[in-house]
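Data first, discussion second: the structure below is written as structure tokens.
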Amino acid sequence: METIIENELVRELANKHGRTRESLIPILQDLVVHNRFLSRQDMVDVARELDISAADVFGTATFYSFLDTEVRGKYVIRICKTISCAMKGKNDILSTIEEILKVKMGETTPDRKFSLLEANCIGWCHKAPAMLINDTPYTELTPRKVTEILREYIKK
Amino acid sequence: MSSQHVKRVDLIFEKIECRDVLKKIVDMEPDAICQELLESDLKGRGGAGFPTGLKWCFTASEKDPVKYIVCNADEGEPGTFKDREILDLVPGKVFCGMAIAGKAIGAKMGYVYLRGEYKFLIPKLNEELKKFHQTMDEFNQNFRIQIRLGSGAYICGEESALFESIEGKRGEPRNKPPYPTKSGLFGKPTVINNVETLVHSVMIMKYGASHFKELGTKDSRGSKVFSISGDTPKAGIYELELGMTVDEFVNDFGDGDTKAVQVGGASGFCVPRKKFEETIIGFEGVPTGGSMKLFNSTRSMYNVLHNYLDFFTEESCGQCTPCRVGCQQLLKGVEAVKRGEKNSKYLDELVKLAKTMKRASKCGLGQSVGNAFGSIVENFKEEIIY
Ligand code: SF4
Ligand code: FES
């Protein structure tokens, strides 16, 4: 017989946000903050907690690009690739980061500290190129500036 | 070259005492609020331009005892960043606008749907929200606002997709009708307004509809906050009077070598140099949610178009075939033309496809892909082919 192991965090978040359907996304968002991504097990546990199907939870989660269903690093770098940033040298920024972290676009460093992803316009086009590291925006990037920013994060 | 300058306005960012406006509306009849908005001719500032007063009136006339106000702060149109600045600099005015709308239609609950990319604004917004709720209590108004965060999906800026998202589902647009004024969030009558629209409503209640109407043109009243980027020495956020021509705009904001202006972001229209003079920025010409992107002669319009198509292909919710498949075909199509695998006639086929998407797509995303596509292909054909 399968024993159900309580998922403390999921329970806690359901207590905080409630157990109606509209609580689903806030719960998933908080899970991503805690665990850096949504594991299969977490999604199943959320489904049980809210009494909806796991497929439904999975279907909802995969719709949103910030609700990661793959393992991500502690710091998720999202580089804007939309038009202004593309025009103002986003490629140089990207290659600088790839070189420093020794990862390619879409990858996570082996120590799970950084993930490198692309994003669509993040709302800083007048200060392009721009990127987000977790929730913090960085703008008017140059290869030098991005090197300094990453150094700070590497030290953390 | 005309020397006329575009008129700067300072209504949206003007620091005002929101308390005073709230105090005034507390004693007003809901109908009087709706009428004032109608009188002002304010049109929604998110891009679609529906008359705000009408939206409020329709919702007010619904009998349902539960209604909602939703502030659409899911600003995701490439080239648009004005709502971020409004939320950052004058958040109290946004909440105040929601309270006014709430009073007008009889709603007790409002939601701000903030795009995930702006999560860093949350602490500031929460602080301001606390003050706002205190003021509401003081005035014996039982109106509450909740902030909901998006999770990186452009389509959630579409109003019905946004409702779905708040309800905890995939952000897929709904069939219309019914419209939100009848059946919106949780199936209840809902007013959904853009951030900037709500702030305009505050200023209209403060200064009166006639003051607002002094600005702009017959079809485009008032001022508008513009997000200006691309090849310009003055990239940034500006509040300008509506009704200027692209030519006037370029004189003020261009770098001297502007060959095209994309008005209204990726879903808007590309205006080439030869049409600058005849094109008015506003509802009588090219409407815009605020994004103005300038391109100078060093830019390849093929790259621009390709970037836009890439964007739409990724952000299409995939629910309906014309948009899902159409976006992919347009992208593959221009690539094939560029590589020389298809001849230039093929571009005409693609323009036809874009027109079909406009007619057959379910929501504004699929319907508007053709705007950028058609206007860039038509005006910069050589750059697409060679
Ligand atoms: S037009 Fe595109 S985004 Fe809109 S519902 Fe259809 S597939 Fe989804
Ligand atoms: S295009 Fe990169 S932030 Fe808008």
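Identifiers in this document derive from the order of the structure tokens: chains are assigned A, B, ..., residues are numbered from 1 separately in each chain, and ligands are numbered from 1 in order of occurrence.
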Could you make a table, as JSON lines, of the residues of chain A that have an atom within 7 Å of an atom of ligand 2, each with its nearest atom pair and distance in Å to one decimal, counting only C-alpha atoms and all ligand atoms, in chain and number order?
{"residue": "A:Cys80", "atom": "CA", "partner": "ligand 2", "partner_atom_place_in_ligand_line": "2 (Fe)", "distance": 4.6}
{"residue": "A:Lys81", "atom": "CA", "partner": "ligand 2", "partner_atom_place_in_ligand_line": "2 (Fe)", "distance": 6.0}
{"residue": "A:Thr82", "atom": "CA", "partner": "ligand 2", "partner_atom_place_in_ligand_line": "1 (S)", "distance": 4.3}
{"residue": "A:Ile83", "atom": "CA", "partner": "ligand 2", "partner_atom_place_in_ligand_line": "1 (S)", "distance": 4.9}
{"residue": "A:Ser84", "atom": "CA", "partner": "ligand 2", "partner_atom_place_in_ligand_line": "1 (S)", "distance": 4.1}
{"residue": "A:Cys85", "atom": "CA", "partner": "ligand 2", "partner_atom_place_in_ligand_line": "2 (Fe)", "distance": 4.2}
{"residue": "A:Asn120", "atom": "CA", "partner": "ligand 2", "partner_atom_place_in_ligand_line": "2 (Fe)", "distance": 6.9}
{"residue": "A:Cys121", "atom": "CA", "partner": "ligand 2", "partner_atom_place_in_ligand_line": "4 (Fe)", "distance": 3.8}
{"residue": "A:Ile122", "atom": "CA", "partner": "ligand 2", "partner_atom_place_in_ligand_line": "3 (S)", "distance": 4.3}
{"residue": "A:Gly123", "atom": "CA", "partner": "ligand 2", "partner_atom_place_in_ligand_line": "3 (S)", "distance": 4.5}
{"residue": "A:Trp124", "atom": "CA", "partner": "ligand 2", "partner_atom_place_in_ligand_line": "3 (S)", "distance": 4.0}
{"residue": "A:Cys125", "atom": "CA", "partner": "ligand 2", "partner_atom_place_in_ligand_line": "4 (Fe)", "distance": 3.6}
{"residue": "A:Ala128", "atom": "CA", "partner": "ligand 2", "partner_atom_place_in_ligand_line": "2 (Fe)", "distance": 5.7}
{"residue": "A:Pro129", "atom": "CA", "partner": "ligand 2", "partner_atom_place_in_ligand_line": "2 (Fe)", "distance": 5.9}
{"residue": "A:Ala130", "atom": "CA", "partner": "ligand 2", "partner_atom_place_in_ligand_line": "3 (S)", "distance": 5.6}
Write the residues you've just listed into a file as a PDB file, in the first residue's frame, and include N, CA and C atoms for each of them.
ATOM      1  N   CYS A  80      16.543  39.488 -21.816  1.00  0.00           N
ATOM      2  CA  CYS A  80      15.531  39.884 -22.788  1.00  0.00           C
ATOM      3  C   CYS A  80      16.097  39.764 -24.194  1.00  0.00           C
ATOM      4  N   LYS A  81      15.308  39.113 -25.070  1.00  0.00           N
ATOM      5  CA  LYS A  81      15.767  38.936 -26.450  1.00  0.00           C
ATOM      6  C   LYS A  81      14.879  39.694 -27.431  1.00  0.00           C
ATOM      7  N   THR A  82      13.931  40.464 -26.891  1.00  0.00           N
ATOM      8  CA  THR A  82      13.011  41.166 -27.788  1.00  0.00           C
ATOM      9  C   THR A  82      13.710  42.365 -28.430  1.00  0.00           C
ATOM     10  N   ILE A  83      12.981  43.035 -29.310  1.00  0.00           N
ATOM     11  CA  ILE A  83      13.588  43.909 -30.303  1.00  0.00           C
ATOM     12  C   ILE A  83      14.591  44.955 -29.780  1.00  0.00           C
ATOM     13  N   SER A  84      14.214  45.737 -28.765  1.00  0.00           N
ATOM     14  CA  SER A  84      15.145  46.790 -28.309  1.00  0.00           C
ATOM     15  C   SER A  84      16.435  46.190 -27.787  1.00  0.00           C
ATOM     16  N   CYS A  85      16.284  45.143 -27.003  1.00  0.00           N
ATOM     17  CA  CYS A  85      17.475  44.527 -26.430  1.00  0.00           C
ATOM     18  C   CYS A  85      18.310  43.853 -27.520  1.00  0.00           C
ATOM     19  N   ASN A 120      11.020  37.267 -23.050  1.00  0.00           N
ATOM     20  CA  ASN A 120      10.510  38.310 -23.934  1.00  0.00           C
ATOM     21  C   ASN A 120      10.411  39.595 -23.142  1.00  0.00           C
ATOM     22  N   CYS A 121      10.341  40.689 -23.877  1.00  0.00           N
ATOM     23  CA  CYS A 121      10.369  42.046 -23.298  1.00  0.00           C
ATOM     24  C   CYS A 121       9.994  42.115 -21.814  1.00  0.00           C
ATOM     25  N   ILE A 122      10.918  42.607 -21.008  1.00  0.00           N
ATOM     26  CA  ILE A 122      10.672  42.675 -19.566  1.00  0.00           C
ATOM     27  C   ILE A 122      10.349  44.101 -19.109  1.00  0.00           C
ATOM     28  N   GLY A 123      10.140  44.991 -20.079  1.00  0.00           N
ATOM     29  CA  GLY A 123       9.663  46.331 -19.729  1.00  0.00           C
ATOM     30  C   GLY A 123      10.741  47.352 -19.394  1.00  0.00           C
ATOM     31  N   TRP A 124      11.928  47.181 -19.957  1.00  0.00           N
ATOM     32  CA  TRP A 124      13.000  48.162 -19.741  1.00  0.00           C
ATOM     33  C   TRP A 124      13.643  48.565 -21.075  1.00  0.00           C
ATOM     34  N   CYS A 125      12.836  48.564 -22.132  1.00  0.00           N
ATOM     35  CA  CYS A 125      13.360  48.760 -23.495  1.00  0.00           C
ATOM     36  C   CYS A 125      14.145  50.060 -23.654  1.00  0.00           C
ATOM     37  N   ALA A 128      17.770  49.357 -22.679  1.00  0.00           N
ATOM     38  CA  ALA A 128      18.243  48.077 -23.208  1.00  0.00           C
ATOM     39  C   ALA A 128      19.765  48.089 -23.346  1.00  0.00           C
ATOM     40  N   PRO A 129      20.386  46.907 -23.310  1.00  0.00           N
ATOM     41  CA  PRO A 129      19.802  45.601 -23.039  1.00  0.00           C
ATOM     42  C   PRO A 129      19.556  45.383 -21.547  1.00  0.00           C
ATOM     43  N   ALA A 130      18.576  44.526 -21.271  1.00  0.00           N
ATOM     44  CA  ALA A 130      18.156  44.335 -19.884  1.00  0.00           C
ATOM     45  C   ALA A 130      18.019  42.859 -19.549  1.00  0.00           C
TER      46      ALA A 130
END
Distance cut-off 9 Å, counting only C-alpha atoms - which residues of chain B neighbour chain A? Return them as a PyMOL selection string. chain B and resi 75-82+84+116-120+148-154+165-171+227-231+234-237+266+293+299+303-304+307-308+310-311+314-315+317
Set out as JSON lines a contact list for chain B and ligand 1 with a cut-off of 6 Å, giving each residue of chain B that qualifies its closest atom pair and distance in Å to one decimal, counting only C-alpha atoms and all ligand atoms, ordered by chain and rising residue number.
{"residue": "B:Pro173", "atom": "CA", "partner": "ligand 1", "partner_atom_place_in_ligand_line": "5 (S)", "distance": 5.1}
{"residue": "B:Ser316", "atom": "CA", "partner": "ligand 1", "partner_atom_place_in_ligand_line": "3 (S)", "distance": 4.2}
{"residue": "B:Cys317", "atom": "CA", "partner": "ligand 1", "partner_atom_place_in_ligand_line": "8 (Fe)", "distance": 3.9}
{"residue": "B:Gly318", "atom": "CA", "partner": "ligand 1", "partner_atom_place_in_ligand_line": "7 (S)", "distance": 4.0}
{"residue": "B:Gln319", "atom": "CA", "partner": "ligand 1", "partner_atom_place_in_ligand_line": "7 (S)", "distance": 4.2}
{"residue": "B:Cys320", "atom": "CA", "partner": "ligand 1", "partner_atom_place_in_ligand_line": "6 (Fe)", "distance": 4.1}
{"residue": "B:Cys323", "atom": "CA", "partner": "ligand 1", "partner_atom_place_in_ligand_line": "2 (Fe)", "distance": 4.4}
{"residue": "B:Arg324", "atom": "CA", "partner": "ligand 1", "partner_atom_place_in_ligand_line": "7 (S)", "distance": 5.1}
{"residue": "B:Ser361", "atom": "CA", "partner": "ligand 1", "partner_atom_place_in_ligand_line": "1 (S)", "distance": 4.4}
{"residue": "B:Lys362", "atom": "CA", "partner": "ligand 1", "partner_atom_place_in_ligand_line": "1 (S)", "distance": 4.5}
{"residue": "B:Cys363", "atom": "CA", "partner": "ligand 1", "partner_atom_place_in_ligand_line": "4 (Fe)", "distance": 4.0}
{"residue": "B:Leu365", "atom": "CA", "partner": "ligand 1", "partner_atom_place_in_ligand_line": "3 (S)", "distance": 5.0}
{"residue": "B:Gly366", "atom": "CA", "partner": "ligand 1", "partner_atom_place_in_ligand_line": "1 (S)", "distance": 3.7}
Quick one: write out the picked residues with C-alpha atoms as a CSV table (one decimal), in the first residue's frame?
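Full text of selection30.csv as output:
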chain,number,residue,atom,x,y,z
B,173,PRO,CA,-8.7,33.8,-23.9
B,316,SER,CA,0.5,32.5,-28.9
B,317,CYS,CA,-1.6,30.6,-26.4
B,318,GLY,CA,-2.0,27.9,-29.0
B,319,GLN,CA,-5.7,27.6,-28.5
B,320,CYS,CA,-6.8,28.4,-32.0
B,323,CYS,CA,-2.9,32.0,-34.7
B,324,ARG,CA,-0.9,29.0,-33.6
B,361,SER,CA,-8.2,34.3,-34.8
B,362,LYS,CA,-10.0,34.2,-31.5
B,363,CYS,CA,-8.3,37.1,-29.7
B,365,LEU,CA,-3.0,38.5,-30.4
B,366,GLY,CA,-3.7,36.5,-33.5
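Taking the backbone of this structure through DSSP, the residues of chain A that come out as strand (DSSP E or B) are Tyr75, Val76, Ile77, Arg78, Ile79, Cys80, Thr108, Phe114, Ser115, Leu116, Leu117, Glu118, Ala119, Met131, Leu132, Ile133, Thr136, Pro137 and Tyr138 of chain A.
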Saved selection, atoms kept: all heavy atoms, as a short mmCIF file (atom, residue, chain, number, x, y, z; two decimals), in the first residue's frame:
data_model
loop_
_atom_site.label_atom_id
_atom_site.label_comp_id
_atom_site.auth_asym_id
_atom_site.auth_seq_id
_atom_site.Cartn_x
_atom_site.Cartn_y
_atom_site.Cartn_z
N TYR A 75 19.94 31.26 -8.75
CA TYR A 75 19.72 32.53 -9.44
C TYR A 75 19.35 32.27 -10.90
O TYR A 75 20.13 31.68 -11.65
CB TYR A 75 20.98 33.40 -9.38
CG TYR A 75 21.39 33.70 -7.97
CD1 TYR A 75 22.55 33.15 -7.42
CD2 TYR A 75 20.60 34.51 -7.16
CE1 TYR A 75 22.91 33.41 -6.10
CE2 TYR A 75 20.93 34.76 -5.84
CZ TYR A 75 22.09 34.21 -5.32
OH TYR A 75 22.43 34.46 -4.02
N VAL A 76 18.16 32.69 -11.25
CA VAL A 76 17.72 32.50 -12.64
C VAL A 76 17.93 33.81 -13.40
O VAL A 76 17.37 34.84 -13.04
CB VAL A 76 16.24 32.07 -12.70
CG1 VAL A 76 15.80 31.90 -14.16
CG2 VAL A 76 16.03 30.79 -11.93
N ILE A 77 18.78 33.73 -14.39
CA ILE A 77 19.07 34.90 -15.21
C ILE A 77 18.20 34.83 -16.44
O ILE A 77 18.24 33.84 -17.18
CB ILE A 77 20.56 34.92 -15.63
CG1 ILE A 77 21.46 34.83 -14.39
CG2 ILE A 77 20.87 36.16 -16.46
CD1 ILE A 77 22.93 34.63 -14.73
N ARG A 78 17.38 35.85 -16.65
CA ARG A 78 16.54 35.89 -17.85
C ARG A 78 16.93 37.09 -18.69
O ARG A 78 16.71 38.23 -18.30
CB ARG A 78 15.06 36.00 -17.48
CG ARG A 78 14.52 34.78 -16.78
CD ARG A 78 13.08 35.00 -16.34
NE ARG A 78 12.75 34.11 -15.24
CZ ARG A 78 12.23 32.89 -15.39
NH1 ARG A 78 11.96 32.43 -16.59
NH2 ARG A 78 11.99 32.13 -14.34
N ILE A 79 17.52 36.80 -19.83
CA ILE A 79 17.95 37.89 -20.70
C ILE A 79 16.87 38.22 -21.70
O ILE A 79 16.35 37.32 -22.37
CB ILE A 79 19.20 37.48 -21.49
CG1 ILE A 79 20.28 37.08 -20.51
CG2 ILE A 79 19.68 38.61 -22.37
CD1 ILE A 79 21.60 37.00 -21.13
N CYS A 80 16.54 39.49 -21.82
CA CYS A 80 15.53 39.88 -22.79
C CYS A 80 16.10 39.76 -24.19
O CYS A 80 17.20 40.22 -24.47
CB CYS A 80 15.06 41.30 -22.54
SG CYS A 80 13.97 41.86 -23.84
N THR A 108 21.72 25.07 -16.74
CA THR A 108 21.94 25.40 -15.33
C THR A 108 23.36 24.96 -14.97
O THR A 108 23.81 23.90 -15.43
CB THR A 108 20.91 24.66 -14.45
OG1 THR A 108 19.61 25.15 -14.81
CG2 THR A 108 21.13 24.90 -12.97
N PHE A 114 23.30 28.90 -10.94
CA PHE A 114 22.74 29.78 -11.97
C PHE A 114 22.03 29.01 -13.07
O PHE A 114 22.49 27.95 -13.49
CB PHE A 114 23.87 30.58 -12.64
CG PHE A 114 24.56 31.54 -11.73
CD1 PHE A 114 25.76 31.17 -11.11
CD2 PHE A 114 24.04 32.81 -11.49
CE1 PHE A 114 26.42 32.05 -10.27
CE2 PHE A 114 24.69 33.69 -10.65
CZ PHE A 114 25.89 33.31 -10.03
N SER A 115 20.91 29.59 -13.53
CA SER A 115 20.29 29.11 -14.76
C SER A 115 20.27 30.29 -15.72
O SER A 115 20.07 31.43 -15.30
CB SER A 115 18.87 28.64 -14.52
OG SER A 115 18.87 27.47 -13.77
N LEU A 116 20.47 30.00 -16.98
CA LEU A 116 20.50 31.06 -17.99
C LEU A 116 19.35 30.85 -18.96
O LEU A 116 19.31 29.84 -19.67
CB LEU A 116 21.85 31.03 -18.72
CG LEU A 116 22.09 32.07 -19.79
CD1 LEU A 116 21.94 33.48 -19.25
CD2 LEU A 116 23.49 31.88 -20.40
N LEU A 117 18.43 31.81 -18.98
CA LEU A 117 17.24 31.67 -19.83
C LEU A 117 17.00 32.94 -20.63
O LEU A 117 17.52 34.01 -20.28
CB LEU A 117 16.00 31.39 -18.98
CG LEU A 117 16.02 30.17 -18.07
CD1 LEU A 117 14.75 30.14 -17.23
CD2 LEU A 117 16.14 28.89 -18.88
N GLU A 118 16.20 32.79 -21.68
CA GLU A 118 15.80 33.97 -22.44
C GLU A 118 14.42 34.40 -21.99
O GLU A 118 13.63 33.61 -21.50
CB GLU A 118 15.74 33.63 -23.92
CG GLU A 118 17.08 33.74 -24.60
CD GLU A 118 17.03 33.36 -26.06
OE1 GLU A 118 16.18 32.54 -26.45
OE2 GLU A 118 17.85 33.90 -26.81
N ALA A 119 14.11 35.67 -22.17
CA ALA A 119 12.78 36.16 -21.84
C ALA A 119 12.32 37.09 -22.95
O ALA A 119 13.15 37.63 -23.69
CB ALA A 119 12.81 36.92 -20.52
N MET A 131 18.12 42.57 -18.26
CA MET A 131 17.90 41.18 -17.81
C MET A 131 17.34 41.20 -16.40
O MET A 131 17.40 42.20 -15.70
CB MET A 131 19.22 40.39 -17.82
CG MET A 131 20.24 40.89 -16.81
SD MET A 131 21.72 39.85 -16.81
CE MET A 131 22.69 40.65 -15.52
N LEU A 132 16.77 40.07 -16.03
CA LEU A 132 16.32 39.89 -14.66
C LEU A 132 17.19 38.83 -14.02
O LEU A 132 17.50 37.82 -14.66
CB LEU A 132 14.88 39.36 -14.62
CG LEU A 132 13.69 40.26 -14.93
CD1 LEU A 132 12.43 39.41 -15.02
CD2 LEU A 132 13.50 41.33 -13.86
N ILE A 133 17.61 39.05 -12.78
CA ILE A 133 18.17 37.94 -12.01
C ILE A 133 17.19 37.71 -10.88
O ILE A 133 16.98 38.60 -10.05
CB ILE A 133 19.59 38.22 -11.49
CG1 ILE A 133 20.53 38.49 -12.67
CG2 ILE A 133 20.08 37.03 -10.64
CD1 ILE A 133 21.99 38.63 -12.30
N THR A 136 15.07 40.81 -9.73
CA THR A 136 15.72 42.10 -9.83
C THR A 136 16.11 42.45 -11.27
O THR A 136 16.82 41.68 -11.92
CB THR A 136 17.01 42.12 -8.98
OG1 THR A 136 16.69 41.61 -7.69
CG2 THR A 136 17.58 43.53 -8.85
N PRO A 137 15.65 43.59 -11.77
CA PRO A 137 16.04 43.98 -13.13
C PRO A 137 17.42 44.65 -13.16
O PRO A 137 17.77 45.38 -12.23
CB PRO A 137 14.95 44.99 -13.53
CG PRO A 137 14.26 45.40 -12.28
CD PRO A 137 14.64 44.47 -11.18
N TYR A 138 18.16 44.36 -14.21
CA TYR A 138 19.43 45.05 -14.47
C TYR A 138 19.36 45.61 -15.88
O TYR A 138 18.97 44.91 -16.81
CB TYR A 138 20.60 44.07 -14.34
CG TYR A 138 20.79 43.58 -12.92
CD1 TYR A 138 20.16 42.44 -12.48
CD2 TYR A 138 21.57 44.31 -12.02
CE1 TYR A 138 20.29 42.01 -11.17
CE2 TYR A 138 21.71 43.89 -10.70
CZ TYR A 138 21.07 42.74 -10.28
OH TYR A 138 21.20 42.33 -8.98
#
From a DSSP calculation on the backbone, collect every residue of segment 66-147 of chain B in helix (DSSP H, G or I) and output the set as a VMD selection string. chain B and resid 82 to 89 91 to 105 116 to 138
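For Ala60 of chain B, the list of residues within 7 Å, based on only C-alpha atoms and with local chain neighbours fewer than 5 positions off taken out, reads Ala104, Ile105 and Gly106 of chain B.
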Would you write out those residues with all heavy atoms, as a CSV table (one decimal), in the first residue's frame?
chain,number,residue,atom,x,y,z
B,104,ALA,N,-18.5,53.7,-8.9
B,104,ALA,CA,-19.4,53.9,-10.0
B,104,ALA,C,-20.2,52.7,-10.4
B,104,ALA,O,-21.4,52.8,-10.8
B,104,ALA,CB,-18.5,54.3,-11.2
B,105,ILE,N,-19.7,51.5,-10.2
B,105,ILE,CA,-20.4,50.3,-10.7
B,105,ILE,C,-21.0,49.5,-9.5
B,105,ILE,O,-21.8,48.6,-9.7
B,105,ILE,CB,-19.6,49.4,-11.5
B,105,ILE,CG1,-18.4,48.8,-10.7
B,105,ILE,CG2,-19.0,50.1,-12.8
B,105,ILE,CD1,-17.9,47.5,-11.3
B,106,GLY,N,-20.6,49.9,-8.3
B,106,GLY,CA,-21.1,49.1,-7.1
B,106,GLY,C,-20.3,47.9,-6.9
B,106,GLY,O,-20.9,46.8,-6.6
The distance between atom CA of Glu98 of chain A and atom CA of Phe295 of chain B is 28.8 Å
From the list B:Ile16, B:Val26, B:Cys34, B:Val66, the nearest residue to Leu89 of chain B using only C-alpha atoms is B:Ile16
**Request:** Excluding segment 132-145 of chain B and any residue of its chain fewer than 2 positions from it, enumerate the residues within 6 Å of it, using only C-alpha atoms, and give them as a PyMOL selection string.
**Result:** chain B and resi 108-111+129-130
Selected residues, N, CA, C and O atoms, written as a PDB file, in the first residue's frame, please.
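Listed below is the output, selection05.pdb:
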ATOM      1  N   LYS B 108     -17.207  45.896  -4.616  1.00  0.00           N
ATOM      2  CA  LYS B 108     -16.542  45.991  -3.312  1.00  0.00           C
ATOM      3  C   LYS B 108     -15.137  45.433  -3.346  1.00  0.00           C
ATOM      4  O   LYS B 108     -14.409  45.479  -2.363  1.00  0.00           O
ATOM      5  N   MET B 109     -14.811  44.876  -4.493  1.00  0.00           N
ATOM      6  CA  MET B 109     -13.541  44.164  -4.558  1.00  0.00           C
ATOM      7  C   MET B 109     -12.825  44.506  -5.867  1.00  0.00           C
ATOM      8  O   MET B 109     -13.443  44.529  -6.925  1.00  0.00           O
ATOM      9  N   GLY B 110     -11.527  44.753  -5.733  1.00  0.00           N
ATOM     10  CA  GLY B 110     -10.738  45.024  -6.928  1.00  0.00           C
ATOM     11  C   GLY B 110      -9.474  44.181  -6.939  1.00  0.00           C
ATOM     12  O   GLY B 110      -8.960  43.793  -5.888  1.00  0.00           O
ATOM     13  N   TYR B 111      -9.001  43.855  -8.131  1.00  0.00           N
ATOM     14  CA  TYR B 111      -7.755  43.112  -8.270  1.00  0.00           C
ATOM     15  C   TYR B 111      -6.791  43.894  -9.153  1.00  0.00           C
ATOM     16  O   TYR B 111      -7.199  44.441 -10.179  1.00  0.00           O
ATOM     17  N   LEU B 129      -0.818  50.216  -0.570  1.00  0.00           N
ATOM     18  CA  LEU B 129      -2.150  49.610  -0.458  1.00  0.00           C
ATOM     19  C   LEU B 129      -2.667  49.690   0.983  1.00  0.00           C
ATOM     20  O   LEU B 129      -3.853  49.911   1.222  1.00  0.00           O
ATOM     21  N   LYS B 130      -1.762  49.524   1.929  1.00  0.00           N
ATOM     22  CA  LYS B 130      -2.126  49.615   3.336  1.00  0.00           C
ATOM     23  C   LYS B 130      -2.720  50.994   3.627  1.00  0.00           C
ATOM     24  O   LYS B 130      -3.776  51.123   4.221  1.00  0.00           O
TER      25      LYS B 130
END
Neighbours of segment 17-25 of chain B within 9 Å (only C-alpha atoms; same-chain residues fewer than 4 positions away dropped), as a list of chain:residue names? B:Glu29, B:Pro30, B:Ile33, B:Gly92, B:Lys93, B:Cys96, B:Ala99, B:Ile100, B:Lys103, B:Phe132, B:Thr135, B:Met136, B:Phe139, B:Val202, B:Met203, B:Met205, B:Lys206
If you count only C-alpha atoms, the residue of B:Val261, B:Ala107, B:Leu37, B:Val351 closest to Lys213 of chain B turns out to be B:Leu37
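Taking only C-alpha atoms into account, Arg174 of chain B lies nearest to B:Cys156 out of the set B:Ala360, B:Cys156, B:Ile122, B:Leu87.
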